[in-house]
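One file, my_file_24.cif, carrying mmCIF, N, CA and C atoms, pLDDT in the B column; chains and numbers go by the auth columns:
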```
data_final
loop_
_atom_site.group_PDB
_atom_site.id
_atom_site.type_symbol
_atom_site.label_atom_id
_atom_site.label_comp_id
_atom_site.label_asym_id
_atom_site.label_seq_id
_atom_site.Cartn_x
_atom_site.Cartn_y
_atom_site.Cartn_z
_atom_site.B_iso_or_equiv
_atom_site.auth_seq_id
_atom_site.auth_asym_id
ATOM 1 N N ARG A 1 -85.918 -22.005 53.232 77.00 84 A
ATOM 2 C CA ARG A 1 -86.570 -22.450 54.451 77.00 84 A
ATOM 3 C C ARG A 1 -87.990 -22.910 54.138 77.00 84 A
ATOM 4 N N GLU A 2 -88.398 -23.931 54.817 86.00 85 A
ATOM 5 C CA GLU A 2 -89.751 -24.454 54.619 86.00 85 A
ATOM 6 C C GLU A 2 -90.486 -24.488 55.955 86.00 85 A
ATOM 7 N N LEU A 3 -91.735 -24.083 55.918 89.00 86 A
ATOM 8 C CA LEU A 3 -92.585 -24.110 57.108 89.00 86 A
ATOM 9 C C LEU A 3 -93.846 -24.878 56.756 89.00 86 A
ATOM 10 N N THR A 4 -94.186 -25.834 57.580 93.00 87 A
ATOM 11 C CA THR A 4 -95.425 -26.584 57.383 93.00 87 A
ATOM 12 C C THR A 4 -96.354 -26.280 58.554 93.00 87 A
ATOM 13 N N VAL A 5 -97.574 -25.898 58.226 94.00 88 A
ATOM 14 C CA VAL A 5 -98.573 -25.617 59.252 94.00 88 A
ATOM 15 C C VAL A 5 -99.824 -26.431 58.953 94.00 88 A
ATOM 16 N N TRP A 6 -100.659 -26.564 59.959 92.00 89 A
ATOM 17 C CA TRP A 6 -101.863 -27.379 59.834 92.00 89 A
ATOM 18 C C TRP A 6 -103.040 -26.604 60.387 92.00 89 A
ATOM 19 N N GLY A 7 -104.115 -26.579 59.635 93.00 90 A
ATOM 20 C CA GLY A 7 -105.341 -25.976 60.130 93.00 90 A
ATOM 21 C C GLY A 7 -106.490 -26.940 59.911 93.00 90 A
ATOM 22 N N ASP A 8 -107.369 -27.040 60.879 93.00 91 A
ATOM 23 C CA ASP A 8 -108.529 -27.900 60.698 93.00 91 A
ATOM 24 C C ASP A 8 -109.777 -27.159 61.147 93.00 91 A
ATOM 25 N N CYS A 9 -110.886 -27.674 60.705 93.00 92 A
ATOM 26 C CA CYS A 9 -112.183 -27.101 61.057 93.00 92 A
ATOM 27 C C CYS A 9 -113.149 -28.273 61.216 93.00 92 A
ATOM 28 N N PRO A 10 -113.348 -28.735 62.444 95.00 93 A
ATOM 29 C CA PRO A 10 -114.244 -29.869 62.663 95.00 93 A
ATOM 30 C C PRO A 10 -115.681 -29.530 62.249 95.00 93 A
ATOM 31 N N GLY A 11 -116.387 -30.522 61.798 97.00 94 A
ATOM 32 C CA GLY A 11 -117.776 -30.333 61.409 97.00 94 A
ATOM 33 C C GLY A 11 -118.335 -31.589 60.780 97.00 94 A
ATOM 34 N N VAL A 12 -119.469 -31.432 60.103 97.00 95 A
ATOM 35 C CA VAL A 12 -120.117 -32.572 59.453 97.00 95 A
ATOM 36 C C VAL A 12 -120.397 -32.263 57.987 97.00 95 A
ATOM 37 N N ILE A 13 -120.424 -33.320 57.199 97.00 96 A
ATOM 38 C CA ILE A 13 -120.760 -33.225 55.787 97.00 96 A
ATOM 39 C C ILE A 13 -122.244 -33.553 55.639 97.00 96 A
ATOM 40 N N LEU A 14 -122.957 -32.697 54.925 97.00 97 A
ATOM 41 C CA LEU A 14 -124.396 -32.888 54.715 97.00 97 A
ATOM 42 C C LEU A 14 -124.668 -33.859 53.570 97.00 97 A
ATOM 43 N N ASP A 15 -125.881 -34.414 53.541 97.00 98 A
ATOM 44 C CA ASP A 15 -126.306 -35.286 52.442 97.00 98 A
ATOM 45 C C ASP A 15 -126.701 -34.480 51.207 97.00 98 A
ATOM 46 N N ALA A 16 -127.138 -33.245 51.425 96.00 99 A
ATOM 47 C CA ALA A 16 -127.577 -32.394 50.325 96.00 99 A
ATOM 48 C C ALA A 16 -127.086 -30.965 50.580 96.00 99 A
ATOM 49 N N PRO A 17 -126.769 -30.240 49.524 95.00 100 A
ATOM 50 C CA PRO A 17 -126.274 -28.874 49.693 95.00 100 A
ATOM 51 C C PRO A 17 -127.304 -27.948 50.335 95.00 100 A
ATOM 52 N N ARG A 18 -126.791 -26.972 51.104 96.00 101 A
ATOM 53 C CA ARG A 18 -127.618 -25.918 51.693 96.00 101 A
ATOM 54 C C ARG A 18 -126.903 -24.589 51.500 96.00 101 A
ATOM 55 N N GLY A 19 -127.598 -23.629 50.905 95.00 102 A
ATOM 56 C CA GLY A 19 -127.025 -22.302 50.716 95.00 102 A
ATOM 57 C C GLY A 19 -126.460 -22.108 49.322 95.00 102 A
ATOM 58 N N GLN A 20 -126.312 -20.846 48.958 89.00 103 A
ATOM 59 C CA GLN A 20 -125.859 -20.503 47.608 89.00 103 A
ATOM 60 C C GLN A 20 -124.481 -19.848 47.573 89.00 103 A
ATOM 61 N N ASP A 21 -123.993 -19.374 48.713 87.00 104 A
ATOM 62 C CA ASP A 21 -122.722 -18.660 48.720 87.00 104 A
ATOM 63 C C ASP A 21 -121.553 -19.618 48.854 87.00 104 A
ATOM 64 N N GLY A 22 -120.368 -19.071 48.758 81.00 105 A
ATOM 65 C CA GLY A 22 -119.166 -19.868 48.897 81.00 105 A
ATOM 66 C C GLY A 22 -118.831 -20.625 47.630 81.00 105 A
ATOM 67 N N PHE A 23 -117.960 -21.607 47.771 85.00 106 A
ATOM 68 C CA PHE A 23 -117.534 -22.410 46.616 85.00 106 A
ATOM 69 C C PHE A 23 -117.155 -23.804 47.095 85.00 106 A
ATOM 70 N N GLY A 24 -116.943 -24.679 46.162 90.00 107 A
ATOM 71 C CA GLY A 24 -116.502 -26.028 46.496 90.00 107 A
ATOM 72 C C GLY A 24 -117.459 -26.735 47.445 90.00 107 A
ATOM 73 N N TYR A 25 -116.931 -27.147 48.581 90.00 108 A
ATOM 74 C CA TYR A 25 -117.719 -27.920 49.543 90.00 108 A
ATOM 75 C C TYR A 25 -118.555 -27.044 50.475 90.00 108 A
ATOM 76 N N ASP A 26 -118.479 -25.716 50.383 94.00 109 A
ATOM 77 C CA ASP A 26 -119.169 -24.825 51.323 94.00 109 A
ATOM 78 C C ASP A 26 -120.643 -25.177 51.550 94.00 109 A
ATOM 79 N N PRO A 27 -121.424 -25.488 50.512 96.00 110 A
ATOM 80 C CA PRO A 27 -122.832 -25.831 50.758 96.00 110 A
ATOM 81 C C PRO A 27 -123.037 -27.181 51.460 96.00 110 A
ATOM 82 N N LEU A 28 -121.992 -27.987 51.523 96.00 111 A
ATOM 83 C CA LEU A 28 -122.112 -29.321 52.110 96.00 111 A
ATOM 84 C C LEU A 28 -121.495 -29.457 53.495 96.00 111 A
ATOM 85 N N PHE A 29 -120.857 -28.398 53.990 96.00 112 A
ATOM 86 C CA PHE A 29 -120.120 -28.503 55.247 96.00 112 A
ATOM 87 C C PHE A 29 -120.712 -27.606 56.325 96.00 112 A
ATOM 88 N N VAL A 30 -121.043 -28.203 57.479 97.00 113 A
ATOM 89 C CA VAL A 30 -121.527 -27.458 58.642 97.00 113 A
ATOM 90 C C VAL A 30 -120.453 -27.544 59.725 97.00 113 A
ATOM 91 N N PRO A 31 -119.853 -26.406 60.087 96.00 114 A
ATOM 92 C CA PRO A 31 -118.814 -26.436 61.107 96.00 114 A
ATOM 93 C C PRO A 31 -119.381 -26.756 62.486 96.00 114 A
ATOM 94 N N GLU A 32 -118.560 -27.382 63.297 96.00 115 A
ATOM 95 C CA GLU A 32 -118.943 -27.765 64.657 96.00 115 A
ATOM 96 C C GLU A 32 -119.440 -26.543 65.429 96.00 115 A
ATOM 97 N N GLY A 33 -120.577 -26.696 66.095 96.00 116 A
ATOM 98 C CA GLY A 33 -121.142 -25.618 66.886 96.00 116 A
ATOM 99 C C GLY A 33 -122.115 -24.732 66.120 96.00 116 A
ATOM 100 N N TYR A 34 -122.328 -25.024 64.851 96.00 117 A
ATOM 101 C CA TYR A 34 -123.237 -24.236 64.008 96.00 117 A
ATOM 102 C C TYR A 34 -124.324 -25.141 63.438 96.00 117 A
ATOM 103 N N ASP A 35 -125.411 -24.527 63.007 96.00 118 A
ATOM 104 C CA ASP A 35 -126.475 -25.311 62.378 96.00 118 A
ATOM 105 C C ASP A 35 -126.684 -24.890 60.929 96.00 118 A
ATOM 106 N N ARG A 36 -125.750 -24.098 60.409 97.00 119 A
ATOM 107 C CA ARG A 36 -125.815 -23.667 59.012 97.00 119 A
ATOM 108 C C ARG A 36 -124.525 -24.044 58.300 97.00 119 A
ATOM 109 N N SER A 37 -124.635 -24.273 56.998 97.00 120 A
ATOM 110 C CA SER A 37 -123.459 -24.621 56.200 97.00 120 A
ATOM 111 C C SER A 37 -122.576 -23.398 55.996 97.00 120 A
ATOM 112 N N PHE A 38 -121.346 -23.632 55.582 95.00 121 A
ATOM 113 C CA PHE A 38 -120.446 -22.525 55.251 95.00 121 A
ATOM 114 C C PHE A 38 -121.090 -21.610 54.210 95.00 121 A
ATOM 115 N N ALA A 39 -121.864 -22.174 53.293 96.00 122 A
ATOM 116 C CA ALA A 39 -122.507 -21.380 52.248 96.00 122 A
ATOM 117 C C ALA A 39 -123.628 -20.511 52.804 96.00 122 A
ATOM 118 N N GLN A 40 -124.106 -20.798 53.998 97.00 123 A
ATOM 119 C CA GLN A 40 -125.175 -20.019 54.615 97.00 123 A
ATOM 120 C C GLN A 40 -124.647 -19.010 55.642 97.00 123 A
ATOM 121 N N LEU A 41 -123.430 -19.202 56.085 96.00 124 A
ATOM 122 C CA LEU A 41 -122.857 -18.304 57.085 96.00 124 A
ATOM 123 C C LEU A 41 -122.283 -17.057 56.418 96.00 124 A
ATOM 124 N N PRO A 42 -122.250 -15.935 57.137 95.00 125 A
ATOM 125 C CA PRO A 42 -121.605 -14.744 56.589 95.00 125 A
ATOM 126 C C PRO A 42 -120.127 -15.043 56.290 95.00 125 A
ATOM 127 N N MET A 43 -119.614 -14.457 55.242 91.00 126 A
ATOM 128 C CA MET A 43 -118.234 -14.694 54.808 91.00 126 A
ATOM 129 C C MET A 43 -117.233 -14.429 55.942 91.00 126 A
ATOM 130 N N GLU A 44 -117.477 -13.396 56.758 92.00 127 A
ATOM 131 C CA GLU A 44 -116.548 -13.079 57.845 92.00 127 A
ATOM 132 C C GLU A 44 -116.474 -14.216 58.859 92.00 127 A
ATOM 133 N N VAL A 45 -117.616 -14.840 59.133 93.00 128 A
ATOM 134 C CA VAL A 45 -117.656 -15.951 60.099 93.00 128 A
ATOM 135 C C VAL A 45 -116.913 -17.143 59.513 93.00 128 A
ATOM 136 N N LYS A 46 -117.225 -17.490 58.291 91.00 129 A
ATOM 137 C CA LYS A 46 -116.568 -18.623 57.635 91.00 129 A
ATOM 138 C C LYS A 46 -115.054 -18.413 57.580 91.00 129 A
ATOM 139 N N ASN A 47 -114.644 -17.242 57.148 87.00 130 A
ATOM 140 C CA ASN A 47 -113.218 -16.980 56.995 87.00 130 A
ATOM 141 C C ASN A 47 -112.473 -16.955 58.324 87.00 130 A
ATOM 142 N N SER A 48 -113.163 -16.651 59.410 89.00 131 A
ATOM 143 C CA SER A 48 -112.489 -16.607 60.709 89.00 131 A
ATOM 144 C C SER A 48 -112.220 -17.991 61.276 89.00 131 A
ATOM 145 N N MET A 49 -112.935 -19.010 60.819 89.00 132 A
ATOM 146 C CA MET A 49 -112.782 -20.344 61.392 89.00 132 A
ATOM 147 C C MET A 49 -112.323 -21.401 60.396 89.00 132 A
ATOM 148 N N SER A 50 -112.140 -21.037 59.154 88.00 133 A
ATOM 149 C CA SER A 50 -111.781 -22.041 58.154 88.00 133 A
ATOM 150 C C SER A 50 -110.403 -22.642 58.439 88.00 133 A
ATOM 151 N N HIS A 51 -110.153 -23.796 57.876 88.00 134 A
ATOM 152 C CA HIS A 51 -108.845 -24.428 58.053 88.00 134 A
ATOM 153 C C HIS A 51 -107.736 -23.550 57.482 88.00 134 A
ATOM 154 N N ARG A 52 -108.042 -22.807 56.437 88.00 135 A
ATOM 155 C CA ARG A 52 -107.038 -21.902 55.862 88.00 135 A
ATOM 156 C C ARG A 52 -106.723 -20.758 56.826 88.00 135 A
ATOM 157 N N ALA A 53 -107.752 -20.199 57.451 89.00 136 A
ATOM 158 C CA ALA A 53 -107.540 -19.107 58.410 89.00 136 A
ATOM 159 C C ALA A 53 -106.721 -19.596 59.597 89.00 136 A
ATOM 160 N N ARG A 54 -106.991 -20.788 60.063 90.00 137 A
ATOM 161 C CA ARG A 54 -106.252 -21.324 61.209 90.00 137 A
ATOM 162 C C ARG A 54 -104.799 -21.612 60.852 90.00 137 A
ATOM 163 N N ALA A 55 -104.567 -22.099 59.651 93.00 138 A
ATOM 164 C CA ALA A 55 -103.189 -22.335 59.209 93.00 138 A
ATOM 165 C C ALA A 55 -102.454 -21.003 59.026 93.00 138 A
ATOM 166 N N LEU A 56 -103.125 -20.031 58.429 93.00 139 A
ATOM 167 C CA LEU A 56 -102.507 -18.726 58.235 93.00 139 A
ATOM 168 C C LEU A 56 -102.166 -18.070 59.572 93.00 139 A
ATOM 169 N N ALA A 57 -103.000 -18.239 60.573 92.00 140 A
ATOM 170 C CA ALA A 57 -102.720 -17.680 61.896 92.00 140 A
ATOM 171 C C ALA A 57 -101.408 -18.251 62.449 92.00 140 A
ATOM 172 N N GLN A 58 -101.135 -19.501 62.157 93.00 141 A
ATOM 173 C CA GLN A 58 -99.874 -20.100 62.586 93.00 141 A
ATOM 174 C C GLN A 58 -98.688 -19.485 61.866 93.00 141 A
ATOM 175 N N VAL A 59 -98.854 -19.199 60.591 94.00 142 A
ATOM 176 C CA VAL A 59 -97.795 -18.546 59.823 94.00 142 A
ATOM 177 C C VAL A 59 -97.524 -17.156 60.396 94.00 142 A
ATOM 178 N N VAL A 60 -98.583 -16.413 60.682 94.00 143 A
ATOM 179 C CA VAL A 60 -98.433 -15.071 61.248 94.00 143 A
ATOM 180 C C VAL A 60 -97.698 -15.142 62.578 94.00 143 A
ATOM 181 N N GLU A 61 -98.085 -16.089 63.430 93.00 144 A
ATOM 182 C CA GLU A 61 -97.423 -16.249 64.728 93.00 144 A
ATOM 183 C C GLU A 61 -95.950 -16.588 64.542 93.00 144 A
ATOM 184 N N TRP A 62 -95.650 -17.468 63.624 92.00 145 A
ATOM 185 C CA TRP A 62 -94.272 -17.851 63.332 92.00 145 A
ATOM 186 C C TRP A 62 -93.467 -16.639 62.882 92.00 145 A
ATOM 187 N N MET A 63 -94.061 -15.804 62.042 92.00 146 A
ATOM 188 C CA MET A 63 -93.373 -14.600 61.561 92.00 146 A
ATOM 189 C C MET A 63 -93.133 -13.613 62.713 92.00 146 A
ATOM 190 N N LYS A 64 -94.102 -13.463 63.600 93.00 147 A
ATOM 191 C CA LYS A 64 -93.941 -12.568 64.757 93.00 147 A
ATOM 192 C C LYS A 64 -92.806 -13.049 65.649 93.00 147 A
ATOM 193 N N GLU A 65 -92.701 -14.342 65.858 91.00 148 A
ATOM 194 C CA GLU A 65 -91.630 -14.904 66.694 91.00 148 A
ATOM 195 C C GLU A 65 -90.261 -14.633 66.095 91.00 148 A
ATOM 196 N N ARG A 66 -90.194 -14.609 64.773 88.00 149 A
ATOM 197 C CA ARG A 66 -88.917 -14.392 64.103 88.00 149 A
ATOM 198 C C ARG A 66 -88.482 -12.931 64.196 88.00 149 A
ATOM 199 N N ARG A 67 -89.411 -12.024 64.391 84.00 150 A
ATOM 200 C CA ARG A 67 -89.087 -10.592 64.505 84.00 150 A
ATOM 201 C C ARG A 67 -88.511 -10.258 65.875 84.00 150 A
ATOM 202 N N ALA A 68 -88.938 -10.993 66.886 66.00 151 A
ATOM 203 C CA ALA A 68 -88.545 -10.658 68.272 66.00 151 A
ATOM 204 C C ALA A 68 -87.082 -10.942 68.538 66.00 151 A
#
```

Could you render the structure as structure tokens?
Amino acid sequence: RELTVWGDCPGVILDAPRGQDGFGYDPLFVPEGYDRSFAQLPMEVKNSMSHRARALAQVVEWMKERRA
């Protein structure tokens, strides 16, 4: 069985990096509604709104539906 899910995180890409934490694009990405980059936000905040977290939430929901 195959399941495809989609997660997105709207925001803007900066011209220059801000912050030291995170990896990859984290210093260059500011999520919508925030004024700090992913690299400047606490890990819990970033992880709660990332595209990966949103996609994983769909997987969890799909699994719950299959149990019922």

Exercise. What does the distance from atom CA of A:Pro114 to atom CA of A:Pro93 come to in Å, to one decimal?
Worked result: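 These two atoms are separated by 5.9 Å.
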
Problem set entry | Residues selected by the PyMOL selection byres (((chain A and resi 100 and name CA) around 6) and name CA), written as a list in words |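 This file, filtered by the PyMOL selection byres (((chain A and resi 100 and name CA) around 6) and name CA), leaves Ala99, Arg101, Pro110 and Leu111 of chain A.
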
For this session: Take the PyMOL selection byres (((chain A and resi 121 and name CA) around 12) and name CA), apply it to the structure above, and return the hits as a PyMOL selection string.
Result: chain A and resi 92+94-97+100-115+117-120+122-133

For this session: Grab the atom CA of A:Arg137 to atom N of A:Asp98 distance for me, in Å with one decimal place.
Result: 24.8 Å

Problem set entry | Interatomic distance, atom CA of A:Trp89 to atom CA of A:Met146 (Å, one decimal) |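 That distance, rounded to one decimal, is 15.4 Å.
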
Assuming 4 Å of padding per side, give the centre and edge lengths of the axis-aligned box around every listed atom of stretch 108-118 of chain A, in Å to one decimal and as AutoDock Vina command-line options.
```
--center_x -121.8 --center_y -26.8 --center_z 57.7 --size_x 17.8 --size_y 13.2 --size_z 26.3
```

Reconstruct all heavy atoms of stretch 100-111 of chain A from the incomplete input and present them as a JSON list (two decimals), keeping the file's coordinate frame.
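So part06.json came out as:
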```
[["chain", "number", "residue", "atom", "x", "y", "z"],
["A", 100, "PRO", "N", -126.77, -30.24, 49.52],
["A", 100, "PRO", "CA", -126.27, -28.87, 49.69],
["A", 100, "PRO", "C", -127.30, -27.95, 50.34],
["A", 100, "PRO", "O", -128.51, -28.11, 50.13],
["A", 100, "PRO", "CB", -125.97, -28.41, 48.28],
["A", 100, "PRO", "CG", -126.19, -29.55, 47.38],
["A", 100, "PRO", "CD", -126.85, -30.64, 48.13],
["A", 101, "ARG", "N", -126.79, -26.97, 51.10],
["A", 101, "ARG", "CA", -127.62, -25.92, 51.69],
["A", 101, "ARG", "C", -126.90, -24.59, 51.50],
["A", 101, "ARG", "O", -125.75, -24.45, 51.90],
["A", 101, "ARG", "CB", -127.80, -26.14, 53.19],
["A", 101, "ARG", "CG", -128.82, -27.18, 53.53],
["A", 101, "ARG", "CD", -129.24, -27.04, 54.99],
["A", 101, "ARG", "NE", -128.73, -28.14, 55.78],
["A", 101, "ARG", "CZ", -128.44, -28.07, 57.07],
["A", 101, "ARG", "NH1", -128.58, -26.96, 57.73],
["A", 101, "ARG", "NH2", -128.00, -29.11, 57.72],
["A", 102, "GLY", "N", -127.60, -23.63, 50.90],
["A", 102, "GLY", "CA", -127.02, -22.30, 50.72],
["A", 102, "GLY", "C", -126.46, -22.11, 49.32],
["A", 102, "GLY", "O", -126.16, -23.07, 48.61],
["A", 103, "GLN", "N", -126.31, -20.85, 48.96],
["A", 103, "GLN", "CA", -125.86, -20.50, 47.61],
["A", 103, "GLN", "C", -124.48, -19.85, 47.57],
["A", 103, "GLN", "O", -123.89, -19.73, 46.51],
["A", 103, "GLN", "CB", -126.87, -19.53, 46.96],
["A", 103, "GLN", "CG", -128.27, -20.10, 46.85],
["A", 103, "GLN", "CD", -128.33, -21.33, 45.98],
["A", 103, "GLN", "OE1", -127.72, -21.37, 44.91],
["A", 103, "GLN", "NE2", -129.03, -22.35, 46.43],
["A", 104, "ASP", "N", -123.99, -19.37, 48.71],
["A", 104, "ASP", "CA", -122.72, -18.66, 48.72],
["A", 104, "ASP", "C", -121.55, -19.62, 48.85],
["A", 104, "ASP", "O", -121.73, -20.81, 49.06],
["A", 104, "ASP", "CB", -122.71, -17.63, 49.86],
["A", 104, "ASP", "CG", -123.74, -16.53, 49.63],
["A", 104, "ASP", "OD1", -123.99, -16.19, 48.46],
["A", 104, "ASP", "OD2", -124.27, -16.02, 50.63],
["A", 105, "GLY", "N", -120.37, -19.07, 48.76],
["A", 105, "GLY", "CA", -119.17, -19.87, 48.90],
["A", 105, "GLY", "C", -118.83, -20.62, 47.63],
["A", 105, "GLY", "O", -119.34, -20.33, 46.55],
["A", 106, "PHE", "N", -117.96, -21.61, 47.77],
["A", 106, "PHE", "CA", -117.53, -22.41, 46.62],
["A", 106, "PHE", "C", -117.16, -23.80, 47.10],
["A", 106, "PHE", "O", -117.07, -24.05, 48.29],
["A", 106, "PHE", "CB", -116.35, -21.74, 45.90],
["A", 106, "PHE", "CG", -115.10, -21.70, 46.73],
["A", 106, "PHE", "CD1", -114.13, -22.67, 46.59],
["A", 106, "PHE", "CD2", -114.89, -20.68, 47.65],
["A", 106, "PHE", "CE1", -112.97, -22.64, 47.36],
["A", 106, "PHE", "CE2", -113.74, -20.63, 48.42],
["A", 106, "PHE", "CZ", -112.78, -21.61, 48.27],
["A", 107, "GLY", "N", -116.94, -24.68, 46.16],
["A", 107, "GLY", "CA", -116.50, -26.03, 46.50],
["A", 107, "GLY", "C", -117.46, -26.74, 47.44],
["A", 107, "GLY", "O", -118.65, -26.85, 47.17],
["A", 108, "TYR", "N", -116.93, -27.15, 48.58],
["A", 108, "TYR", "CA", -117.72, -27.92, 49.54],
["A", 108, "TYR", "C", -118.56, -27.04, 50.48],
["A", 108, "TYR", "O", -119.27, -27.56, 51.33],
["A", 108, "TYR", "CB", -116.80, -28.82, 50.37],
["A", 108, "TYR", "CG", -115.80, -28.05, 51.20],
["A", 108, "TYR", "CD1", -116.15, -27.54, 52.44],
["A", 108, "TYR", "CD2", -114.51, -27.83, 50.74],
["A", 108, "TYR", "CE1", -115.27, -26.81, 53.20],
["A", 108, "TYR", "CE2", -113.61, -27.10, 51.49],
["A", 108, "TYR", "CZ", -113.98, -26.60, 52.72],
["A", 108, "TYR", "OH", -113.09, -25.87, 53.46],
["A", 109, "ASP", "N", -118.48, -25.72, 50.38],
["A", 109, "ASP", "CA", -119.17, -24.82, 51.32],
["A", 109, "ASP", "C", -120.64, -25.18, 51.55],
["A", 109, "ASP", "O", -121.10, -25.18, 52.69],
["A", 109, "ASP", "CB", -119.04, -23.37, 50.90],
["A", 109, "ASP", "CG", -117.64, -22.81, 51.10],
["A", 109, "ASP", "OD1", -116.78, -23.53, 51.65],
["A", 109, "ASP", "OD2", -117.39, -21.66, 50.69],
["A", 110, "PRO", "N", -121.42, -25.49, 50.51],
["A", 110, "PRO", "CA", -122.83, -25.83, 50.76],
["A", 110, "PRO", "C", -123.04, -27.18, 51.46],
["A", 110, "PRO", "O", -124.12, -27.47, 51.94],
["A", 110, "PRO", "CB", -123.45, -25.88, 49.36],
["A", 110, "PRO", "CG", -122.51, -25.13, 48.48],
["A", 110, "PRO", "CD", -121.16, -25.33, 49.09],
["A", 111, "LEU", "N", -121.99, -27.99, 51.52],
["A", 111, "LEU", "CA", -122.11, -29.32, 52.11],
["A", 111, "LEU", "C", -121.50, -29.46, 53.50],
["A", 111, "LEU", "O", -121.60, -30.51, 54.12],
["A", 111, "LEU", "CB", -121.44, -30.35, 51.19],
["A", 111, "LEU", "CG", -122.12, -30.59, 49.86],
["A", 111, "LEU", "CD1", -121.23, -31.42, 48.96],
["A", 111, "LEU", "CD2", -123.47, -31.24, 50.06]]
```
